[in-house]
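Participant: My file is entry36.txt. It has compact mmCIF, C-alpha atoms and all ligand atoms:
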# COMPACT_ATOMS: atom_id res chain seq x y z
CA MET A 333 48.96 -2.87 23.38
CA MET A 334 49.22 0.46 21.57
CA ARG A 335 50.98 -1.27 18.69
CA ARG A 336 48.22 -3.88 18.48
CA LEU A 337 45.57 -1.11 18.27
CA LEU A 338 47.44 0.70 15.51
CA TYR A 339 47.77 -2.57 13.68
CA ASP A 340 44.00 -3.32 13.84
CA LEU A 341 42.77 0.21 13.19
CA PRO A 342 42.74 0.08 9.37
CA LEU A 343 40.75 -3.14 9.54
CA VAL A 344 38.22 -1.67 11.93
CA LEU A 345 37.89 1.42 9.77
CA MET A 346 37.31 -0.70 6.67
CA ALA A 347 34.59 -2.74 8.41
CA LEU A 348 32.72 0.28 9.79
CA PRO A 349 30.67 1.15 6.69
CA LEU A 350 29.59 -2.47 6.38
CA TRP A 351 28.47 -2.63 10.01
CA TYR A 352 26.71 0.70 9.61
CA ALA A 353 24.79 -0.48 6.57
CA CYS A 354 23.49 -3.64 8.13
CA CYS A 355 23.06 -2.98 11.83
CA ALA A 356 23.44 0.62 12.87
CA THR A 357 20.91 3.38 12.31
CA PRO A 358 17.33 2.32 11.80
CA SER A 359 16.97 2.87 8.07
CA ALA A 360 13.56 1.95 6.66
CA GLY A 361 15.18 -1.37 5.67
CA ASN A 362 15.33 -2.77 9.18
CA VAL A 363 12.66 -0.86 11.06
CA THR A 364 9.41 -2.73 10.79
CA LEU A 365 5.95 -1.30 10.29
CA LYS A 366 4.86 -2.25 13.78
CA ASP A 367 7.96 -0.64 15.35
CA ALA A 368 7.55 2.58 13.42
CA LEU A 369 3.82 2.80 14.18
CA LYS A 370 4.03 1.56 17.77
CA ASP A 371 2.99 4.80 19.45
CA LYS A 372 0.58 5.80 16.68
CA PHE A 373 -1.92 3.01 16.05
CA HIS A 374 -2.03 -0.75 15.70
CA ILE A 375 -1.05 -1.95 12.27
CA GLY A 376 -3.14 -5.01 11.55
CA VAL A 377 -3.78 -7.56 8.87
CA ALA A 378 -6.53 -10.01 7.89
CA LEU A 379 -5.55 -13.67 8.06
CA ASN A 380 -6.66 -16.32 5.59
CA GLU A 381 -6.63 -20.03 6.30
CA ALA A 382 -3.05 -20.61 5.09
CA LEU A 383 -1.76 -18.02 7.54
CA ILE A 384 -3.88 -19.18 10.45
CA THR A 385 -2.79 -22.81 10.08
CA GLY A 386 0.84 -21.82 9.49
CA ARG A 387 0.92 -23.47 6.04
CA ASP A 388 2.07 -20.15 4.55
CA THR A 389 5.35 -20.07 6.47
CA ALA A 390 6.80 -17.09 4.63
CA GLY A 391 3.58 -15.18 5.25
CA VAL A 392 3.65 -15.97 8.97
CA ARG A 393 7.22 -14.64 9.12
CA VAL A 394 6.11 -11.32 7.63
CA LEU A 395 3.08 -11.28 9.92
CA GLU A 396 5.17 -11.74 13.05
CA GLN A 397 7.79 -9.20 12.03
CA GLN A 398 5.57 -6.45 10.72
CA PHE A 399 2.10 -6.47 12.25
CA SER A 400 0.68 -5.85 15.72
CA ALA A 401 -2.99 -6.76 15.17
CA ILE A 402 -5.01 -9.43 13.40
CA VAL A 403 -8.55 -10.06 12.19
CA ALA A 404 -9.96 -13.20 10.55
CA GLU A 405 -10.64 -12.73 6.85
CA ASN A 406 -13.38 -15.39 6.66
CA CYS A 407 -13.37 -18.06 9.38
CA MET A 408 -15.53 -16.18 11.89
CA LYS A 409 -18.32 -15.33 9.45
CA SER A 410 -21.54 -17.11 10.34
CA MET A 411 -21.53 -19.60 7.44
CA HIS A 412 -18.12 -20.88 8.58
CA ILE A 413 -18.24 -20.61 12.36
CA HIS A 414 -21.90 -21.59 12.78
CA PRO A 415 -22.81 -23.76 9.76
CA GLU A 416 -25.85 -25.40 11.37
CA GLU A 417 -28.08 -24.20 14.18
CA ASN A 418 -26.68 -26.77 16.61
CA ARG A 419 -23.14 -26.90 15.30
CA TYR A 420 -20.29 -24.45 15.60
CA ASP A 421 -16.88 -24.93 14.03
CA PHE A 422 -14.19 -23.32 16.14
CA THR A 423 -11.23 -25.13 14.59
CA LEU A 424 -9.79 -22.18 12.67
CA PRO A 425 -11.05 -19.43 14.99
CA ASP A 426 -9.30 -21.12 17.95
CA GLN A 427 -6.02 -21.31 16.01
CA PHE A 428 -6.45 -17.71 14.90
CA VAL A 429 -6.85 -16.47 18.47
CA ALA A 430 -3.94 -18.61 19.71
CA LEU A 431 -1.67 -17.17 17.00
CA GLY A 432 -2.57 -13.64 18.02
CA GLU A 433 -2.00 -14.36 21.70
CA LYS A 434 1.34 -16.01 21.03
CA ASN A 435 2.46 -12.79 19.35
CA LYS A 436 0.73 -10.44 21.81
CA MET A 437 -1.37 -8.95 19.03
CA TRP A 438 -4.58 -6.97 19.25
CA ILE A 439 -7.27 -9.43 18.10
CA THR A 440 -10.48 -8.33 16.41
CA GLY A 441 -13.47 -10.56 15.71
CA HIS A 442 -15.10 -10.20 12.30
CA THR A 443 -18.08 -10.31 12.10
CA LEU A 444 -21.21 -11.20 14.12
CA ILE A 445 -24.21 -9.95 12.16
CA TRP A 446 -23.83 -9.60 8.38
CA HIS A 447 -26.18 -10.33 5.50
CA SER A 448 -23.37 -11.83 3.42
CA GLN A 449 -21.62 -15.17 4.00
CA LEU A 450 -24.61 -15.72 6.25
CA SER A 451 -25.41 -19.26 7.32
CA PRO A 452 -28.33 -20.38 5.15
CA TRP A 453 -30.38 -21.56 8.17
CA PHE A 454 -29.99 -18.38 10.21
CA CYS A 455 -33.08 -16.40 9.31
CA VAL A 456 -35.43 -19.05 7.89
CA ASP A 457 -37.34 -22.15 8.97
CA GLU A 458 -37.14 -25.60 7.37
CA GLU A 459 -39.47 -24.56 4.55
CA GLY A 460 -37.33 -21.54 3.80
CA ASN A 461 -39.80 -19.01 5.21
CA ASN A 462 -38.60 -16.17 7.41
CA VAL A 463 -38.65 -17.06 11.09
CA SER A 464 -40.63 -14.91 13.52
CA PRO A 465 -39.01 -11.89 15.20
CA GLU A 466 -38.84 -13.82 18.49
CA VAL A 467 -37.04 -16.79 16.93
CA LEU A 468 -34.56 -14.55 15.13
CA LYS A 469 -33.80 -12.71 18.36
CA GLN A 470 -33.14 -16.02 20.11
CA ARG A 471 -30.88 -17.15 17.27
CA MET A 472 -28.96 -13.89 17.23
CA LYS A 473 -28.51 -14.04 20.97
CA ALA A 474 -27.33 -17.66 20.95
CA HIS A 475 -24.93 -16.97 18.06
CA ILE A 476 -23.45 -13.83 19.59
CA SER A 477 -23.20 -15.03 23.17
CA THR A 478 -21.65 -18.37 22.20
CA ILE A 479 -18.96 -16.83 20.00
CA VAL A 480 -18.20 -13.69 22.00
CA GLY A 481 -18.40 -15.70 25.24
CA ARG A 482 -15.91 -18.28 24.01
CA TYR A 483 -13.26 -15.62 23.40
CA LYS A 484 -14.18 -13.38 26.33
CA GLY A 485 -11.22 -11.30 27.44
CA ARG A 486 -9.12 -12.58 24.53
CA ILE A 487 -10.75 -10.97 21.50
CA LYS A 488 -10.48 -7.28 22.28
CA GLY A 489 -12.99 -5.85 19.84
CA TRP A 490 -15.85 -7.06 17.64
CA ASP A 491 -17.28 -5.93 14.33
CA VAL A 492 -20.77 -6.45 15.73
CA VAL A 493 -22.75 -5.41 12.67
CA ASN A 494 -21.29 -5.21 9.20
CA GLU A 495 -22.66 -3.24 6.23
CA ALA A 496 -26.18 -2.45 7.45
CA ILE A 497 -26.39 0.86 5.58
CA LEU A 498 -26.56 1.46 1.84
CA ASP A 499 -24.67 4.16 -0.04
CA ASN A 500 -27.84 6.29 -0.17
CA GLY A 501 -28.11 6.21 3.61
CA GLU A 502 -31.07 3.83 3.82
CA LEU A 503 -30.93 0.70 5.91
CA ARG A 504 -30.13 -2.35 3.80
CA ARG A 505 -33.14 -4.58 3.31
CA SER A 506 -31.36 -7.64 4.73
CA LYS A 507 -33.15 -10.61 6.28
CA PHE A 508 -32.37 -9.14 9.70
CA TYR A 509 -34.09 -5.91 8.71
CA GLU A 510 -37.00 -7.68 7.03
CA ILE A 511 -37.77 -9.62 10.18
CA LEU A 512 -36.82 -7.26 12.98
CA GLY A 513 -36.68 -3.80 11.42
CA GLU A 514 -33.98 -1.44 12.66
CA GLU A 515 -34.32 -2.94 16.12
CA TYR A 516 -31.81 -5.65 15.16
CA LEU A 517 -28.93 -3.19 15.38
CA PRO A 518 -29.19 -2.22 19.08
CA LEU A 519 -30.09 -5.83 19.88
CA ALA A 520 -26.89 -7.15 18.34
CA PHE A 521 -24.79 -4.64 20.28
CA ARG A 522 -26.62 -5.44 23.51
CA TYR A 523 -26.10 -9.19 23.13
CA ALA A 524 -22.40 -8.67 22.43
CA HIS A 525 -21.98 -6.40 25.43
CA GLU A 526 -23.70 -8.91 27.72
CA ALA A 527 -21.39 -11.67 26.51
CA ASP A 528 -18.18 -9.70 27.15
CA PRO A 529 -18.64 -6.39 28.97
CA GLN A 530 -14.96 -5.48 28.46
CA ALA A 531 -14.87 -5.95 24.69
CA GLU A 532 -14.93 -2.96 22.36
CA LEU A 533 -17.85 -2.99 19.94
CA TYR A 534 -17.79 -1.61 16.41
CA TYR A 535 -20.05 -0.85 13.48
CA ASN A 536 -18.18 -1.64 10.24
CA ASP A 537 -18.92 -0.62 6.64
CA TYR A 538 -17.49 0.40 3.24
CA ASN A 539 -17.93 3.55 1.09
CA GLU A 540 -18.37 5.62 4.23
CA TRP A 541 -17.21 8.71 2.38
CA PHE A 542 -20.53 8.87 0.50
CA PRO A 543 -22.17 11.85 2.25
CA ALA A 544 -25.57 10.16 2.75
CA LYS A 545 -23.94 7.05 4.13
CA ARG A 546 -21.64 9.07 6.38
CA ASP A 547 -24.63 10.95 7.80
CA ALA A 548 -26.62 7.76 8.33
CA ILE A 549 -23.75 6.16 10.25
CA VAL A 550 -23.41 9.25 12.43
CA LYS A 551 -27.15 9.01 13.09
CA LEU A 552 -26.85 5.34 13.96
CA VAL A 553 -23.99 5.97 16.40
CA ARG A 554 -25.91 8.77 18.08
CA SER A 555 -29.10 6.73 18.35
CA LEU A 556 -27.26 3.77 19.90
CA LYS A 557 -25.63 6.08 22.43
CA GLU A 558 -28.97 7.73 23.23
CA LYS A 559 -30.42 4.30 23.96
CA GLY A 560 -27.51 3.60 26.30
CA VAL A 561 -26.12 0.90 23.99
CA ARG A 562 -22.35 0.49 23.97
CA ILE A 563 -20.55 1.33 20.74
CA ASP A 564 -16.83 2.13 20.80
CA GLY A 565 -15.92 2.64 17.22
CA VAL A 566 -16.75 2.85 13.56
CA GLY A 567 -14.72 0.63 11.28
CA MET A 568 -13.99 2.13 7.89
CA GLN A 569 -13.22 -0.77 5.59
CA GLY A 570 -11.30 1.28 3.06
CA HIS A 571 -11.39 -0.80 -0.11
CA VAL A 572 -10.24 2.11 -2.22
CA ASP A 573 -8.95 2.58 -5.75
CA MET A 574 -6.76 5.01 -7.66
CA GLU A 575 -9.59 7.50 -8.26
CA TYR A 576 -11.99 7.21 -5.36
CA PRO A 577 -12.38 8.47 -2.80
CA ALA A 578 -10.71 11.86 -2.57
CA ILE A 579 -8.56 11.91 0.55
CA GLU A 580 -10.52 14.94 1.81
CA GLU A 581 -13.80 13.01 1.63
CA TYR A 582 -12.29 10.15 3.60
CA GLU A 583 -11.01 12.65 6.15
CA LYS A 584 -14.49 14.18 6.55
CA SER A 585 -15.79 10.78 7.63
CA ILE A 586 -12.99 10.26 10.18
CA LEU A 587 -13.90 13.64 11.66
CA ALA A 588 -17.67 13.09 11.54
CA PHE A 589 -17.46 9.74 13.33
CA THR A 590 -15.12 11.12 15.95
CA GLN A 591 -17.48 14.01 16.56
CA ALA A 592 -20.27 11.51 17.14
CA GLY A 593 -18.22 10.24 20.08
CA VAL A 594 -16.51 7.06 18.84
CA LYS A 595 -13.06 5.94 17.80
CA VAL A 596 -12.27 5.20 14.19
CA MET A 597 -10.41 2.24 12.82
CA ILE A 598 -9.44 1.51 9.25
CA THR A 599 -10.42 -2.11 9.12
CA GLU A 600 -9.92 -3.57 5.64
CA PHE A 601 -7.51 -1.39 3.78
CA ASP A 602 -6.42 -2.18 0.24
CA LEU A 603 -5.73 0.08 -2.73
CA SER A 604 -6.61 -1.47 -6.08
CA ILE A 605 -4.45 -0.37 -8.99
CA LEU A 606 -6.96 -1.68 -11.54
CA PRO A 607 -9.71 0.15 -13.38
CA MET A 608 -13.04 0.01 -11.55
CA PRO A 609 -15.93 -1.04 -13.78
CA ASP A 610 -18.34 1.08 -11.73
CA ARG A 611 -17.52 3.72 -9.16
CA ASN A 612 -20.29 2.64 -6.82
CA VAL A 613 -19.02 -0.89 -6.29
CA GLY A 614 -16.96 -0.22 -3.15
CA ALA A 615 -17.05 -3.57 -1.40
CA GLU A 616 -20.59 -4.61 -2.27
CA VAL A 617 -19.78 -8.30 -2.30
CA SER A 618 -22.74 -9.22 -4.47
CA ALA A 619 -21.40 -7.05 -7.31
CA GLY A 620 -19.85 -8.86 -10.25
CA PHE A 621 -18.76 -7.75 -13.70
CA GLU A 622 -17.72 -9.66 -16.77
CA TYR A 623 -14.00 -10.11 -17.42
CA ARG A 624 -12.55 -7.97 -20.21
CA GLU A 625 -8.85 -7.87 -21.17
CA GLU A 626 -8.67 -4.08 -20.97
CA LEU A 627 -9.80 -4.23 -17.36
CA ASN A 628 -6.79 -6.42 -16.50
CA PRO A 629 -3.86 -4.34 -17.75
CA TYR A 630 -1.05 -5.44 -15.39
CA ARG A 631 -1.05 -9.20 -15.77
CA ASN A 632 2.70 -9.19 -16.35
CA GLY A 633 3.70 -6.41 -14.00
CA VAL A 634 3.07 -2.73 -13.39
CA PRO A 635 5.05 -0.03 -15.26
CA ALA A 636 7.31 1.92 -12.87
CA GLY A 637 5.44 5.21 -13.31
CA ARG A 638 2.10 3.67 -12.47
CA MET A 639 3.59 1.87 -9.46
CA GLN A 640 4.96 5.19 -8.25
CA GLU A 641 1.46 6.69 -8.45
CA TRP A 642 0.18 3.78 -6.37
CA THR A 643 2.96 4.27 -3.79
CA ASN A 644 2.16 7.97 -3.55
CA ARG A 645 -1.54 7.36 -3.02
CA MET A 646 -0.93 4.66 -0.42
CA GLY A 647 1.48 7.08 1.29
CA ASP A 648 -1.09 9.88 1.17
CA PHE A 649 -3.65 7.67 2.92
CA PHE A 650 -1.19 6.74 5.65
CA ASP A 651 -0.26 10.42 6.03
CA LEU A 652 -3.94 11.04 6.70
CA PHE A 653 -4.12 8.21 9.25
CA LEU A 654 -0.98 9.54 10.94
CA LYS A 655 -2.40 13.05 11.00
CA HIS A 656 -5.41 11.67 12.88
CA ARG A 657 -3.50 9.23 15.07
CA ASP A 658 -5.37 10.64 18.09
CA LYS A 659 -8.62 9.31 16.56
CA VAL A 660 -7.55 6.29 14.50
CA THR A 661 -6.67 3.40 16.80
CA ARG A 662 -5.90 0.74 14.19
CA VAL A 663 -5.16 0.42 10.49
CA THR A 664 -5.68 -3.11 9.22
CA MET A 665 -4.64 -4.28 5.75
CA TRP A 666 -6.94 -6.82 4.08
CA GLY A 667 -4.16 -9.38 3.55
CA ILE A 668 -0.36 -9.52 3.61
CA THR A 669 0.74 -10.05 0.00
CA ASP A 670 -0.82 -9.14 -3.33
CA ARG A 671 -1.23 -12.82 -4.08
CA ASP A 672 -3.60 -13.21 -1.09
CA SER A 673 -5.86 -10.33 -1.97
CA TRP A 674 -9.57 -10.83 -2.62
CA LYS A 675 -9.22 -7.94 -5.10
CA ASN A 676 -7.74 -10.35 -7.65
CA ASP A 677 -11.29 -11.70 -7.93
CA PHE A 678 -13.46 -8.77 -6.98
CA PRO A 679 -15.45 -7.24 -8.55
CA ILE A 680 -14.15 -9.11 -11.61
CA HIS A 681 -12.90 -12.65 -11.37
CA GLY A 682 -9.38 -13.57 -12.50
CA ARG A 683 -7.53 -10.25 -12.60
CA THR A 684 -4.04 -9.45 -11.30
CA ASP A 685 -4.17 -6.68 -8.73
CA TYR A 686 -1.49 -5.10 -6.52
CA PRO A 687 -3.44 -3.62 -3.60
CA LEU A 688 -1.37 -4.56 -0.51
CA LEU A 689 1.94 -3.63 1.12
CA PHE A 690 3.93 -6.80 0.28
CA ASP A 691 4.46 -8.18 -3.21
CA ARG A 692 3.89 -11.71 -4.47
CA ASP A 693 7.39 -12.69 -3.26
CA TYR A 694 6.66 -11.46 0.29
CA GLN A 695 8.92 -8.43 -0.22
CA PRO A 696 7.93 -5.03 1.17
CA LYS A 697 6.91 -2.59 -1.53
CA ALA A 698 8.31 0.94 -1.70
CA ALA A 699 5.20 2.10 0.16
CA VAL A 700 6.42 0.34 3.31
CA SER A 701 9.54 2.49 3.69
CA ARG A 702 7.47 5.53 2.68
CA ILE A 703 5.06 4.79 5.58
CA ILE A 704 7.89 4.10 8.03
CA LYS A 705 9.60 7.39 7.16
CA ALA A 706 6.34 9.28 7.55
CA ALA A 707 5.71 7.64 10.93
CA GLU A 708 9.21 8.49 12.12
CA GLY A 709 8.68 12.06 10.97
CA VAL A 710 5.52 12.86 12.90
CA GLY A 711 6.75 12.23 16.44
CA PHE A 712 4.19 11.07 18.97
C1 LIG A 801 -14.16 -10.91 1.66
C2 LIG A 801 -13.02 -11.92 1.72
O1 LIG A 801 -11.80 -11.23 1.61
C3 LIG A 801 -13.17 -12.92 0.61
O2 LIG A 801 -12.19 -13.96 0.74
C4 LIG A 801 -14.57 -13.53 0.60
O3 LIG A 801 -14.71 -14.37 -0.51
C5 LIG A 801 -15.64 -12.43 0.57
O4 LIG A 801 -15.42 -11.55 1.65
N1 LIG A 801 -16.25 -6.57 3.33
C6 LIG A 801 -16.01 -7.36 4.42
C7 LIG A 801 -15.13 -8.54 4.30
O5 LIG A 801 -16.44 -7.00 5.54
O6 LIG A 801 -15.49 -9.56 5.17
C8 LIG A 801 -15.07 -9.04 2.87
O7 LIG A 801 -14.10 -10.09 2.81
C9 LIG A 801 -14.74 -7.91 1.93
C10 LIG A 801 -15.78 -6.84 2.00
In structure tokens, write the structure found in this file.
Ligand code: XIL
Facilitator:
Amino acid sequence: MMRRLLYDLPLVLMALPLWYACCATPSAGNVTLKDALKDKFHIGVALNEALITGRDTAGVRVLEQQFSAIVAENCMKSMHIHPEENRYDFTLPDQFVALGEKNKMWITGHTLIWHSQLSPWFCVDEEGNNVSPEVLKQRMKAHISTIVGRYKGRIKGWDVVNEAILDNGELRRSKFYEILGEEYLPLAFRYAHEADPQAELYYNDYNEWFPAKRDAIVKLVRSLKEKGVRIDGVGMQGHVDMEYPAIEEYEKSILAFTQAGVKVMITEFDLSILPMPDRNVGAEVSAGFEYREELNPYRNGVPAGRMQEWTNRMGDFFDLFLKHRDKVTRVTMWGITDRDSWKNDFPIHGRTDYPLLFDRDYQPKAAVSRIIKAAEGVGF
């Protein structure tokens, strides 16, 4: 027996480093994002059609390994889910919810009331004139209660109203505002609460680090609470770039919203590496700029130094989220790989951007291990 052990020992010793490298300590290589962030906040991602249907098999693999929360990138917006007044299309939304349940993920619904990707019939009559306030209320109520009711108890939180406030703090002159005035905001939250009293309800927007916009959102949260209307959180989209915003400005908004008595979630995070044609764009989906070669500098790859700057800035944002892990309940990336990102076409069509955590070959970028190390470093 002893002789046998002595005989095998050199072999065992030789194999040890190999075993250590592949299976032993949790190096950033084998700890996943969702493991590392488990006790901090949900790490989520927006799903496009190819992911929801499973056509993007490599993407689904990354999704299931790395993420603990999902939101639908497009299929629950009114023009898709409710294309005609008497017709809903739940094909993709049903698959989306089933995928999340199969993986025990936190599922968020996006979005109930939004001026963009709005069903053309929603606010007008057959002649194209605005409907009366009463009719719009009925339509909002039917829309919200049908969708929220269908997924009652399964979708855990809803972006009830999206992008109602402009960067200068005024209410956006959307059709909802034109017809109902600011009244449409509490109404939407009330209808959602009636349809699923357990669901969390959020107000979601971009550019919330603009001081006037930040203040207006705080005011909105306070006024909803004063009216006794349920609101659980403010979603900060977080479509950021290499220059804006300053991390400190972003932090001020996390603190301001928390002080107004709600949770904060980062709902649509991506970090564009490309030059922004105008600093005020944010995620104003109607914005569009003409293509120019100099605004698309990384068509064939990003120089290492520039990529390092991107990694550092992504890391700095996650450091901020980790610092405020008692306030931030979820950080959701707006897509899995760079190839999926809407930023390749926004605000200029046809560029090559690198805003997400996984590259075009589904490989984790350096930022992923940077985030995992930071998460492991902060404790609980
Ligand atoms: C974007 C999608 O990513 C695109 O595929 C679509 O063409 C336009 O909308 N703010 C939001 C998101 O709340 O729903 C938007 O998503 C991005 C800006």
Participant: Give the residues close to ligand LIG 801 (chain A), within 6 Å, counting only C-alpha atoms and all ligand atoms; write them as a compact mmCIF listing (two decimals) with C-alpha atoms, keeping the file's coordinate frame.
Facilitator:
# COMPACT_ATOMS: atom_id res chain seq x y z
CA GLU A 405 -10.64 -12.73 6.85
CA ALA A 615 -17.05 -3.57 -1.40
CA TRP A 674 -9.57 -10.83 -2.62
Participant: When you count all atoms listed in the file, which of these residues is closest to Val566 (chain A): A:Phe653, A:Tyr523, A:Val613, A:Thr661?
Facilitator: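 Result for the nearest residue to Val566 (chain A): A:Thr661.
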Participant: For the point (-19.1, -6.6, 21.7) in file coordinates, what residues are within 10 Å, counting only C-alpha atoms? Give the answer as a PyMOL selection string?
Facilitator: chain A and resi 441+444+476-477+480-481+484+487-493+520-534+562-564
Participant: Excluding region 681-695 of chain A and its own-chain neighbours fewer than 5 positions away, which residues fall within 6 Å of it when counting all atoms listed in the file? Please give them as a count of residues only.
Facilitator: 9
Participant: Would you mind telling me which residue in A:Glu580, A:Ser701, A:Gly593, A:Lys372 lies nearest to Leu652 (chain A) when using only C-alpha atoms?
Facilitator: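 The closest residue to Leu652 (chain A) is A:Glu580.
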Participant: Please provide the set of residues having any atom within 10 Å of Asn494 (chain A), restricted to all atoms listed in the file, with same-chain residues fewer than 5 positions apart removed, written as a count of residues only.
Facilitator: 14
Participant: Could you tell me which of A:Asp573, A:Val403, A:Ser451, A:Pro543 comes closest to Leu383 (chain A) if we count only C-alpha atoms?
Facilitator: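 Residue with the minimum atom-to-atom distance to Leu383 (chain A): A:Val403.
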Participant: Report, in Å with one decimal, the straight-line distance from CA of Leu365 (chain A) to CA of Thr643 (chain A).
Facilitator: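 Value for the CA of Leu365 (chain A)-CA of Thr643 (chain A) distance: 15.4 Å.
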Participant: Rounded to one decimal, what separation in Å do you get between CA of Gly620 (chain A) and CA of Ser673 (chain A)?
Facilitator: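 Computed distance, CA of Gly620 (chain A) to CA of Ser673 (chain A), equals 16.3 Å.
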